[in-house]
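Q: Pasting in a structure now, in structure tokens, and then I'll have a few things to ask.
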Amino acid sequence: MFEKIFYEKDIENHPKTQFLLNKFSQTPNMAINRVDDIFGRVKKPYLQKRTNLNLFIGSKRGQLVKETPSAYGLSGEPHYYFIHSYNCLYECDYCYLQGYFHSPDLVFFINHEDILNEMENVVKTNREKGNKTIWFHAGEYSDSLALSHLTKELPQYFDFFKKNPEAKLELRTKSANIRELKELSPLKNVIASFSLSPKDKIKDHDLKTPPLKARIKAIETLKNLGHPIALHFDPIIYGPSFKEDYKELLKSLMETINPEDIEYISFGVVRFTKEVYHQVKKNYPDSKIHHQEFIKSFDGKVRYMKPQRLWMLQTIKDLCLNQGFKEEQLYLCMEAEDSE
């Protein structure tokens, strides 16, 4: 799986470091001072992740919990994200990680105690401000569940959120790897949030990810176990059979769940920073995304033109409402109401 494993010297004896070194005992490993001494120091081509993927194990330093951008989650409540990993095994051809790090190598941060301490401070501060609900999001720079059988952090976070019921945790994923969640007792404030696209869009763009059928099966399994579920239709990519594709997606979903089983659904149209857009062209020159017309949008990112975006978003929203979802279950993600 990995060409080489690098781990920071001062966490060599940490149980999670030892678990990973034992798990991959046949993989060469090396002790280093700091992850940043090597990771990303020299630009490594993104697609080398296919043949030359390394793993770094270290401690996350600096600010561990950060406020999300506006329009990130349900409005009217404070939202934060925390970073416990860098990069992803999957190869979604639109992925913004292509232009974010100088390396596709995986980084696991194992100092979850420090992250949880900072989250505790955030909860305390918001409690003092009178905020009744505080959101934390995992999966900003990695998939929350894809490698959770290796990172093994979920029990610690479940313990924290069990003790802090006013705080909510969203685990964003495109994975069907739910083996760790299946071993944990469900909590109302820990939500498994699945990103879904029509099956042909997954095949064309969500490379190396589980197919739609597998994701829906994972949703059904978790729902039956009592875990709260949310959905992200993000990124939404246009195609000639756009409306029919999403109608078919919702039909497949409704065969296993009911609207009341879903906490919320977010909609977000595909978008890129300028740097990521150039990387997508370089790494995936045959992607069907390049057949479409984009413009520089309100926040400097590359998007479809506003009339097309609004039509796409309204079309999917109407399809959801027709299936019995309520208006308050639906929200736009990273899309300003008055945007261009």
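By order of appearance in the structure tokens: chains A, B, ..., then residues from 1 within every chain, and ligands from 1 in the order shown.
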Show me a table, sorted first by chain and then by increasing residue number, of the residues of segment 41-123 of chain A having an atom at most 12 Å from segment 219-235 of chain A, each with its shortest atom pair and the distance in Å to one decimal, counting only C-alpha atoms and written as CSV.

A:
```
residue,atom,partner,partner_atom,distance
A:Tyr72,CA,A:His232,CA,11.5
A:Gly73,CA,A:His232,CA,10.7
A:Leu74,CA,A:Ala230,CA,11.8
A:Cys92,CA,A:Pro235,CA,10.4
A:Asp93,CA,A:Pro235,CA,11.2
A:Tyr94,CA,A:Pro235,CA,8.7
A:Cys95,CA,A:Pro235,CA,9.7
A:Tyr96,CA,A:Pro235,CA,11.3
```

Q: When you look at Ser59 of chain A with a cut-off of 7 Å (counting only C-alpha atoms), what residues show up, excluding the ones that are within fewer than 2 positions of it in the same chain? I need them as a PDB file with N, CA and C atoms, in the first residue's frame.

A:
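To be explicit, this is the file written out as part.pdb:
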```pdb
ATOM      1  N   ARG A  61       0.391  20.682  14.397  1.00  0.00           N
ATOM      2  CA  ARG A  61       0.780  21.836  15.198  1.00  0.00           C
ATOM      3  C   ARG A  61       0.035  23.073  14.722  1.00  0.00           C
ATOM      4  N   PHE A 109      -2.275  12.575  11.351  1.00  0.00           N
ATOM      5  CA  PHE A 109      -1.933  13.248  12.605  1.00  0.00           C
ATOM      6  C   PHE A 109      -2.574  12.456  13.742  1.00  0.00           C
ATOM      7  N   ILE A 110      -1.781  12.118  14.750  1.00  0.00           N
ATOM      8  CA  ILE A 110      -2.284  11.210  15.782  1.00  0.00           C
ATOM      9  C   ILE A 110      -2.478  11.889  17.131  1.00  0.00           C
ATOM     10  N   ASN A 111      -2.210  13.185  17.211  1.00  0.00           N
ATOM     11  CA  ASN A 111      -2.382  13.878  18.499  1.00  0.00           C
ATOM     12  C   ASN A 111      -3.829  14.340  18.676  1.00  0.00           C
TER      13      ASN A 111
END
```

Q: Would you list the contacts of Gln48 of chain A as number ranges by chain, taking every protein, DNA or RNA residue within 12 Å and counting only C-alpha atoms, but skipping same-chain residues closer than 5 positions in sequence?

A: A: 2-3, 43, 53-54, 89, 91, 98, 102-106, 283

Q: Those same residues - N, CA and C atoms - I'd like them written as a PDB file, in the first residue's frame.

A:
```pdb
ATOM      1  N   PHE A   2       1.915   1.261   0.834  1.00  0.00           N
ATOM      2  CA  PHE A   2       2.809   2.416   0.924  1.00  0.00           C
ATOM      3  C   PHE A   2       4.218   2.024   0.498  1.00  0.00           C
ATOM      4  N   GLU A   3       4.905   2.955  -0.158  1.00  0.00           N
ATOM      5  CA  GLU A   3       6.303   2.749  -0.513  1.00  0.00           C
ATOM      6  C   GLU A   3       7.198   2.865   0.713  1.00  0.00           C
ATOM      7  N   LYS A  43       8.183  19.413  -4.840  1.00  0.00           N
ATOM      8  CA  LYS A  43       6.888  19.127  -5.470  1.00  0.00           C
ATOM      9  C   LYS A  43       6.892  17.727  -6.072  1.00  0.00           C
ATOM     10  N   LEU A  53       3.235   6.003  -3.254  1.00  0.00           N
ATOM     11  CA  LEU A  53       2.528   6.688  -2.179  1.00  0.00           C
ATOM     12  C   LEU A  53       3.212   6.412  -0.846  1.00  0.00           C
ATOM     13  N   ASN A  54       3.577   7.478  -0.149  1.00  0.00           N
ATOM     14  CA  ASN A  54       4.182   7.364   1.173  1.00  0.00           C
ATOM     15  C   ASN A  54       3.168   7.739   2.252  1.00  0.00           C
ATOM     16  N   LEU A  89      -6.925   8.687  -0.648  1.00  0.00           N
ATOM     17  CA  LEU A  89      -6.641   7.576  -1.561  1.00  0.00           C
ATOM     18  C   LEU A  89      -7.386   7.711  -2.879  1.00  0.00           C
ATOM     19  N   GLU A  91      -9.347   9.410  -6.250  1.00  0.00           N
ATOM     20  CA  GLU A  91      -8.848  10.268  -7.325  1.00  0.00           C
ATOM     21  C   GLU A  91      -9.995  10.980  -8.023  1.00  0.00           C
ATOM     22  N   GLN A  98      -5.523  18.642  -5.357  1.00  0.00           N
ATOM     23  CA  GLN A  98      -4.511  18.657  -6.415  1.00  0.00           C
ATOM     24  C   GLN A  98      -3.693  19.942  -6.408  1.00  0.00           C
ATOM     25  N   HIS A 102       1.853  20.205  -2.072  1.00  0.00           N
ATOM     26  CA  HIS A 102       2.875  19.917  -3.071  1.00  0.00           C
ATOM     27  C   HIS A 102       3.137  18.424  -3.192  1.00  0.00           C
ATOM     28  N   SER A 103       2.365  17.635  -2.481  1.00  0.00           N
ATOM     29  CA  SER A 103       2.572  16.189  -2.488  1.00  0.00           C
ATOM     30  C   SER A 103       1.237  15.480  -2.299  1.00  0.00           C
ATOM     31  N   PRO A 104       1.039  14.338  -2.971  1.00  0.00           N
ATOM     32  CA  PRO A 104      -0.173  13.541  -2.759  1.00  0.00           C
ATOM     33  C   PRO A 104      -0.026  12.520  -1.630  1.00  0.00           C
ATOM     34  N   ASP A 105       1.147  12.468  -0.982  1.00  0.00           N
ATOM     35  CA  ASP A 105       1.365  11.499   0.091  1.00  0.00           C
ATOM     36  C   ASP A 105       0.367  11.708   1.226  1.00  0.00           C
ATOM     37  N   LEU A 106       0.065  10.630   1.930  1.00  0.00           N
ATOM     38  CA  LEU A 106      -0.875  10.695   3.044  1.00  0.00           C
ATOM     39  C   LEU A 106      -0.162  11.114   4.323  1.00  0.00           C
ATOM     40  N   ASN A 283      -3.638  16.936 -14.992  1.00  0.00           N
ATOM     41  CA  ASN A 283      -3.692  15.561 -14.498  1.00  0.00           C
ATOM     42  C   ASN A 283      -4.746  14.709 -15.197  1.00  0.00           C
TER      43      ASN A 283
END
```

Q: Given only C-alpha atoms as the basis, pick out the residue of A:Lys174, A:Leu332, A:Glu77, A:Glu118 nearest to Gly130 of chain A.

A: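 Closest to Gly130 of chain A of all the choices is A:Glu77.
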
Q: Set the distance at 8 Å and use only C-alpha atoms: which residues neighbour segment 304-318 of chain A once local chain neighbours fewer than 4 positions away are removed? I'd like the list as an NGL selection string.

A: :A and (238 or 243 or 246 or 267-271 or 293-295 or 297 or 322 or 330 or 339-340)

Q: Skipping near chain neighbours, those fewer than 3 positions away, what residues fall within 9 Å of Ile57 of chain A using only C-alpha atoms, listed as a PyMOL selection string?

A: chain A and resi 5-8+11+17+20+35+106-110

Q: Among segment 10-223 of chain A, which residues does DSSP mark as alpha helix (DSSP H) when it is run on the backbone? Keep the chain and numbering as in the structure and answer as an MDAnalysis selection string.

A: chainID A and resid 15:23 112:129 148:151 154:163 179:182 199:205 212:223

Q: From the list A:Ser142, A:Gln63, A:Ser70, A:Gln156, which residue is nearest Leu116 of chain A when using only C-alpha atoms?

A: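 Selected residue with least distance to Leu116 of chain A: A:Gln156.
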
Q: Near Ser241 of chain A, counting only C-alpha atoms, which residues have an atom at most 12 Å away, once you skip same-chain residues fewer than 4 positions from it, shown as number ranges by chain?

A: A: 198, 200-201, 237, 245-248, 312

Q: Can you list, as a list in words, every protein, DNA or RNA residue that comes within 10 Å of Pro69 of chain A when you count only C-alpha atoms, leaving out same-chain residues fewer than 4 positions away?

A: Gly73, His79, Tyr80, Tyr81 and Met334 of chain A

Q: Nearest to Glu113 of chain A: which of A:His14, A:His149, A:Asp36, A:Lys49 is it, counting only C-alpha atoms?

A: A:His14
